[in-house]
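What's in target-v3.txt: compact mmCIF, C-alpha atoms
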# COMPACT_ATOMS: atom_id res chain seq x y z
CA MET A 6 193.98 126.75 105.06
CA PRO A 7 197.25 125.45 106.57
CA ARG A 8 197.26 121.81 107.68
CA LEU A 9 199.62 120.98 110.53
CA THR A 10 200.16 117.57 112.03
CA GLY A 11 202.06 116.76 115.21
CA ALA A 12 202.44 113.11 116.12
CA ALA A 13 203.04 111.93 119.66
CA LEU A 14 205.69 114.00 121.39
CA GLY A 15 207.80 113.35 124.46
CA VAL A 16 207.24 114.97 127.83
CA LEU A 17 208.96 118.15 126.66
CA GLY A 18 208.67 117.55 122.93
CA LEU A 19 206.38 120.36 121.83
CA VAL A 20 206.00 122.37 118.64
CA SER A 21 205.36 125.90 117.47
CA THR A 22 204.73 127.98 114.41
CA GLY A 23 205.39 131.69 114.07
CA LEU A 24 204.45 134.71 111.99
CA GLY A 25 205.93 138.21 111.88
CA LEU A 26 203.54 140.99 112.94
CA ALA A 27 204.30 144.39 111.44
CA THR A 28 204.48 147.40 113.72
CA THR A 29 206.90 149.33 111.51
CA PRO A 30 205.52 151.05 108.38
CA VAL A 31 204.33 148.40 105.92
CA GLN A 32 201.88 149.17 103.13
CA ALA A 33 198.33 148.60 104.36
CA GLN A 34 196.07 146.22 102.48
CA PRO A 35 192.28 146.41 102.08
CA VAL A 36 190.28 144.55 104.69
CA GLY A 37 189.73 140.92 103.71
CA VAL A 38 192.72 140.61 101.35
CA PRO A 39 194.73 137.42 102.11
CA LEU A 40 198.28 138.23 103.19
CA VAL A 41 199.52 134.64 103.35
CA ASN A 42 197.82 131.54 101.95
CA GLU A 43 199.70 128.25 102.27
CA THR A 44 198.04 124.84 102.55
CA PHE A 45 201.25 122.76 102.90
CA THR A 46 199.55 120.01 100.86
CA GLY A 47 201.97 120.09 97.92
CA ALA A 48 205.56 119.04 97.28
CA THR A 49 206.80 122.58 97.99
CA ALA A 50 205.72 125.52 100.12
CA ASP A 51 206.15 129.29 100.08
CA SER A 52 209.90 129.86 100.42
CA GLU A 53 209.26 132.50 103.12
CA PHE A 54 208.46 129.61 105.50
CA GLU A 55 211.56 128.13 107.13
CA ALA A 56 211.69 124.90 109.09
CA PHE A 57 213.40 124.48 112.44
CA GLY A 58 214.18 120.97 113.64
CA PRO A 59 212.45 117.97 112.00
CA ALA A 60 209.52 119.90 110.45
CA CYS A 61 208.92 118.63 106.90
CA LEU A 62 206.37 118.29 104.08
CA THR A 63 204.74 114.89 103.63
CA GLY A 64 203.63 115.92 100.14
CA ALA A 65 207.26 116.11 98.99
CA PRO A 66 209.53 113.19 98.04
CA GLN A 67 211.50 111.64 100.88
CA ALA A 68 214.58 113.61 101.92
CA PRO A 69 217.47 113.15 104.38
CA ALA A 70 216.96 114.29 107.96
CA PRO A 71 217.91 117.98 108.26
CA GLY A 72 220.65 119.32 110.48
CA PRO A 73 220.16 121.67 113.44
CA GLY A 74 218.82 125.20 113.14
CA THR A 75 216.65 126.62 110.37
CA HIS A 76 216.50 125.10 106.90
CA PRO A 77 214.20 125.05 103.85
CA LEU A 78 211.02 123.00 104.08
CA THR A 79 211.63 119.73 102.23
CA GLY A 80 210.36 116.16 102.29
CA CYS A 81 210.34 113.95 105.38
CA PRO A 82 213.02 111.31 106.06
CA THR A 83 212.40 107.58 106.19
CA GLY A 84 212.26 105.62 109.42
CA ALA A 85 209.79 107.85 111.25
CA SER A 86 208.09 106.58 114.39
CA GLY A 87 204.41 106.29 113.60
CA PRO A 88 201.65 106.85 113.16
CA VAL A 89 202.56 109.55 110.62
CA PRO A 90 201.09 110.58 107.25
CA PRO A 91 202.66 108.86 104.21
CA ASN A 92 205.48 110.59 102.33
CA ASP A 93 205.38 111.78 98.71
CA ALA A 94 201.61 112.20 99.07
CA VAL A 95 201.00 115.30 96.91
CA PRO A 96 198.29 116.69 96.64
CA ASN A 97 197.28 115.30 100.04
CA GLY A 98 200.32 116.34 102.02
CA TYR A 99 200.70 117.89 105.46
CA LEU A 100 203.19 120.01 107.32
CA ARG A 101 204.54 117.38 109.74
CA LEU A 102 206.16 118.98 112.73
CA THR A 103 207.36 115.82 114.49
CA ASP A 104 206.94 112.07 114.37
CA ALA A 105 205.90 109.95 117.37
CA SER A 106 209.36 109.78 118.97
CA ASN A 107 209.79 111.09 122.51
CA ASP A 108 211.27 114.52 123.24
CA GLN A 109 210.78 115.96 119.76
CA SER A 110 210.32 119.65 118.99
CA ALA A 111 210.09 121.63 115.76
CA ALA A 112 208.90 124.92 114.32
CA VAL A 113 208.02 126.63 111.08
CA LEU A 114 208.87 130.34 110.98
CA TYR A 115 207.63 133.09 108.66
CA ASN A 116 210.19 135.89 108.89
CA HIS A 117 208.37 138.53 106.88
CA ALA A 118 206.58 141.56 108.32
CA LEU A 119 202.88 141.86 107.53
CA PRO A 120 200.62 144.93 107.80
CA ALA A 121 198.42 144.64 110.87
CA ASN A 122 196.70 148.02 110.92
CA GLN A 123 193.35 146.26 110.32
CA GLY A 124 194.13 143.33 112.61
CA LEU A 125 194.71 139.74 111.50
CA VAL A 126 192.47 136.71 111.06
CA THR A 127 194.37 133.42 110.98
CA THR A 128 192.86 130.00 110.30
CA PHE A 129 194.53 126.60 110.31
CA ASP A 130 193.80 122.93 110.91
CA GLN A 131 195.97 121.02 113.38
CA TRP A 132 196.18 117.45 114.63
CA GLN A 133 197.95 116.12 117.73
CA TYR A 134 197.76 112.35 118.06
CA GLY A 135 199.55 109.06 118.68
CA GLY A 136 200.88 109.94 122.12
CA THR A 137 203.40 107.53 123.65
CA THR A 138 203.27 108.95 127.19
CA ASN A 139 200.51 109.05 129.80
CA PRO A 140 199.27 111.73 129.82
CA PRO A 141 200.12 112.70 126.22
CA ALA A 142 202.80 115.41 126.26
CA ASP A 143 201.77 117.29 123.14
CA GLY A 144 201.24 120.94 122.29
CA ILE A 145 201.29 123.39 119.39
CA SER A 146 201.51 127.18 119.50
CA PHE A 147 200.87 129.91 116.96
CA PHE A 148 202.66 133.17 117.72
CA LEU A 149 203.26 136.66 116.36
CA ILE A 150 206.31 138.86 116.91
CA ASP A 151 206.98 142.57 116.47
CA GLY A 152 207.50 143.09 112.73
CA ALA A 153 210.46 145.37 113.43
CA ALA A 154 212.33 142.35 114.81
CA SER A 155 213.75 139.32 113.02
CA LEU A 156 212.33 135.82 113.47
CA THR A 157 215.21 133.39 112.96
CA ALA A 158 214.57 130.93 115.80
CA PRO A 159 211.73 129.93 118.11
CA GLY A 160 211.75 130.48 121.86
CA ALA A 161 212.17 127.73 124.42
CA PHE A 162 210.41 124.43 123.79
CA GLY A 163 208.88 122.10 126.37
CA GLY A 164 206.07 123.76 128.27
CA SER A 165 207.03 127.10 126.72
CA LEU A 166 205.84 125.82 123.30
CA GLY A 167 208.50 127.68 121.35
CA TYR A 168 207.20 131.09 122.48
CA ALA A 169 207.99 131.80 126.14
CA GLN A 170 211.29 131.67 128.03
CA LYS A 171 212.27 128.74 130.25
CA LEU A 172 214.59 127.93 133.14
CA PRO A 173 214.74 124.11 132.78
CA ASN A 174 213.31 122.40 135.86
CA ASP A 175 213.61 125.73 137.71
CA ASP A 176 217.24 124.76 138.34
CA PRO A 177 219.40 127.88 138.88
CA ASP A 178 222.43 125.95 137.61
CA GLU A 179 220.76 125.46 134.21
CA GLU A 180 220.98 127.91 131.30
CA PHE A 181 218.00 130.29 131.19
CA LEU A 182 216.59 129.80 127.68
CA PRO A 183 215.12 132.95 126.10
CA GLY A 184 211.68 133.26 124.59
CA VAL A 185 211.11 134.19 120.97
CA ASN A 186 212.64 137.48 119.82
CA HIS A 187 210.26 140.37 120.66
CA GLY A 188 207.22 138.13 121.04
CA TYR A 189 203.85 139.85 120.65
CA VAL A 190 201.30 137.14 121.43
CA GLY A 191 201.49 133.35 121.67
CA VAL A 192 198.42 131.11 121.45
CA GLY A 193 199.07 127.65 122.89
CA LEU A 194 196.95 124.61 121.95
CA ASP A 195 198.22 122.52 124.82
CA VAL A 196 197.35 118.87 125.39
CA LEU A 197 199.75 118.45 128.34
CA GLY A 198 199.06 121.84 129.92
CA ASN A 199 202.33 123.32 131.23
CA TYR A 200 202.05 126.40 128.98
CA PHE A 201 199.32 127.73 131.29
CA GLY A 202 201.52 127.68 134.40
CA ASP A 203 204.53 129.81 135.34
CA TRP A 204 206.75 126.92 136.45
CA GLU A 205 210.26 127.21 134.93
CA HIS A 206 209.94 131.03 135.06
CA ARG A 207 207.58 131.17 132.08
CA GLY A 208 206.08 134.39 133.44
CA ASN A 209 209.41 135.87 134.53
CA GLY A 210 209.12 139.66 134.92
CA CYS A 211 205.34 139.77 134.42
CA ALA A 212 203.36 141.99 136.77
CA ASN A 213 200.38 139.60 136.58
CA ARG A 214 201.42 135.98 136.97
CA SER A 215 199.50 132.89 135.89
CA PRO A 216 196.66 131.90 138.24
CA ALA A 217 198.21 128.41 138.15
CA GLY A 218 201.20 129.71 140.11
CA THR A 219 204.87 128.82 139.76
CA GLU A 220 204.99 125.31 141.22
CA PHE A 221 205.52 122.12 139.23
CA ARG A 222 202.26 120.18 139.17
CA ILE A 223 201.21 116.67 138.12
CA PRO A 224 198.90 116.67 136.29
CA ALA A 225 199.85 119.91 134.55
CA PRO A 226 197.69 122.94 135.44
CA GLY A 227 196.15 123.53 132.01
CA ALA A 228 195.65 120.20 130.25
CA ASN A 229 193.61 120.30 127.02
CA MET A 230 193.40 124.07 127.12
CA VAL A 231 193.92 127.05 124.84
CA THR A 232 196.13 129.60 126.61
CA VAL A 233 197.17 133.05 125.38
CA ARG A 234 200.45 134.60 126.56
CA GLY A 235 201.29 138.25 125.94
CA PRO A 236 204.40 140.21 124.89
CA GLY A 237 207.90 139.27 125.97
CA ASN A 238 211.54 139.35 124.92
CA GLY A 239 214.59 137.41 126.01
CA THR A 240 214.03 136.04 129.50
CA GLU A 241 211.44 138.66 130.49
CA GLY A 242 207.69 138.30 130.10
CA PRO A 243 206.45 141.83 129.30
CA ALA A 244 207.84 143.93 126.47
CA GLU A 245 206.94 147.25 124.90
CA GLY A 246 204.39 147.04 122.14
CA PRO A 247 201.00 148.30 120.97
CA PRO A 248 197.84 147.21 122.83
CA LEU A 249 196.39 143.92 121.65
CA GLY A 250 193.08 142.07 121.57
CA VAL A 251 192.78 138.35 120.82
CA ASP A 252 189.62 136.42 119.96
CA LEU A 253 189.43 132.63 119.77
CA ASP A 254 186.39 131.29 117.93
CA LYS A 255 186.09 127.69 116.73
CA GLY A 256 189.72 127.37 115.69
CA VAL A 257 189.97 130.87 114.20
CA VAL A 258 192.51 133.22 115.81
CA ARG A 259 191.65 136.92 115.43
CA VAL A 260 194.19 139.54 116.48
CA ARG A 261 193.29 143.23 116.60
CA ARG A 262 194.63 146.45 118.07
CA VAL A 263 192.76 147.99 120.99
CA GLU A 264 192.70 151.53 122.32
CA PRO A 265 195.58 152.51 124.65
CA GLY A 266 194.68 152.04 128.28
CA ARG A 267 192.11 149.34 127.55
CA GLN A 268 192.84 146.01 129.18
CA GLU A 269 191.63 142.72 127.77
CA SER A 270 192.18 139.15 128.81
CA ALA A 271 191.65 135.86 127.06
CA ASN A 272 190.52 133.05 129.30
CA SER A 273 191.82 129.55 128.79
CA ASN A 274 189.21 127.37 127.11
CA GLU A 275 189.01 123.64 126.67
CA ILE A 276 189.78 122.30 123.21
CA GLU A 277 186.61 120.65 121.93
Let me see the file written as structure tokens.
Amino acid sequence: MPRLTGAALGVLGLVSTGLGLATTPVQAQPVGVPLVNETFTGATADSEFEAFGPACLTGAPQAPAPGPGTHPLTGCPTGASGPVPPNDAVPNGYLRLTDASNDQSAAVLYNHALPANQGLVTTFDQWQYGGTTNPPADGISFFLIDGAASLTAPGAFGGSLGYAQKLPNDDPDEEFLPGVNHGYVGVGLDVLGNYFGDWEHRGNGCANRSPAGTEFRIPAPGANMVTVRGPGNGTEGPAEGPPLGVDLDKGVVRVRRVEPGRQESANSNEIE
């Protein structure tokens, strides 16, 4: 079971993880066969996982701070703002997405298509703690993309949690930041709560907009909530793709195909 830890983040310092979802022909596997199993507790991880930003392994020996963009998962640098797990802690390591500094964001990407003809069941542990703002501005997302596409970078950070698009501060003079490439579904575990709302054009192009509306709100419209966002690509919300059903049950994310024409919705639920 993956173990992810996100220390206190800044107001727009949020994190995401991603996984490729196959919609092109990929050999089917029997129901119940694990497709990916990575605990992130050791000194190394499956090389298919790539880090983006300061994401690192606390089980590995200390390593220099990485540069921008994607890079292999290695150890964490010294001088982190705490509280954070100790370094070189194998076999009790974690995937640390950020430390407790303000305005931090990171991702871990799995750019490998997986067969999804039988649906997917994904389980992971996650911690968000040590906030330095009031209210805490933390959030983690888990997302899937179309397996025919390539996952080389996350989407916009901040309230978009690395999945959705974002027009910073709804300012038309700012650059419109795209969402993840051919996103399929994004599950946000959002302490702050901006992922639920459509401020900053998060639902741009969607026929059905968020019930929270498009205005900036303090406090955020969906604090301490689990929110599911659907398909999108670039700066548009909807995108072509097969029908989808999502179940959230005690920290387990279940994704399944549904019959064409059938509509399903996932309500936002409080994180217990």
| message | Excluding Thr49 (chain A) and its own-chain neighbours fewer than 6 positions away, which residues fall within 8 Å of it when counting all atoms listed in the file? Please give them as a list in words. | response |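 The neighbour list is Leu62, Gly64, Ala65, Leu78 and Thr79 of chain A.
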| said: Taking only C-alpha atoms into account, name the residue in A:Ala111, A:Ala94, A:Cys211, A:Leu197 that is nearest to Cys61 (chain A). | reply: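 Nearest to Cys61 (chain A): A:Ala111.
For the atom pair formed by CA of Val89 (chain A) and CA of Val185 (chain A), the distance is 28.1 Å, given to one decimal.
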| request: Go through A:Gly124, A:Pro39, A:Pro216, A:Pro159 and flag the residue nearest Gly74 (chain A), using all atoms listed in the file for the distances. | output: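 Between A:Gly124, A:Pro39, A:Pro216, A:Pro159, the residue approaching Gly74 (chain A) most closely is A:Pro159.
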| said: Please report the interatomic distance between CA of Val95 (chain A) and CA of Ala112 (chain A) in Å with one decimal. | reply: 21.4 Å
| task | Would you mind telling me which residue in A:Gly58, A:Gly237, A:Gly87, A:Pro69 lies nearest to Ser110 (chain A) when using only C-alpha atoms? | result |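 For Ser110 (chain A), the nearest of the given residues is A:Gly58.
The closest residue to Ala161 (chain A), picked from A:Gly239, A:Leu114, A:Asn97, A:Glu43 and counting only C-alpha atoms, is A:Gly239.
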| said: Using only C-alpha atoms, which protein or nucleic acid residues come within 9 Å of Pro173 (chain A)? Drop anything in the same chain fewer than 3 positions from it, and give the result as an NGL selection string. | reply: :A and (163 or 176-177 or 179-182 or 205-206)
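Here CA of Ala105 (chain A) and CA of Pro140 (chain A) stand 14.2 Å from one another.
Nearest to Gly136 (chain A) of all the residues A:Asn107, A:Thr157, A:Gln123, A:Thr219 is A:Asn107, based on all atoms listed in the file.
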| request: May I ask which of the residues A:Lys171, A:His117, A:His187, A:His76 is the closest one to Ala56 (chain A), counting only C-alpha atoms? | output: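 Result for the nearest residue to Ala56 (chain A): A:His76.
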Taking all atoms of region 81-91 of chain A that the file lists and extending 4 Å past them on each side, where is the centre of the axis-aligned box and how long are its edges? Answer in Å to one decimal, as JSON.
{"center_x": 207.1, "center_y": 109.8, "center_z": 109.3, "size_x": 19.9, "size_y": 16.3, "size_z": 18.2}
| task | Show which residues sit within 9 Å of Asn238 (chain A), as a ChimeraX atom specification. Count all atoms listed in the file, and ignore same-chain residues fewer than 4 positions away. | result | /A:169-170,183-189,242-244
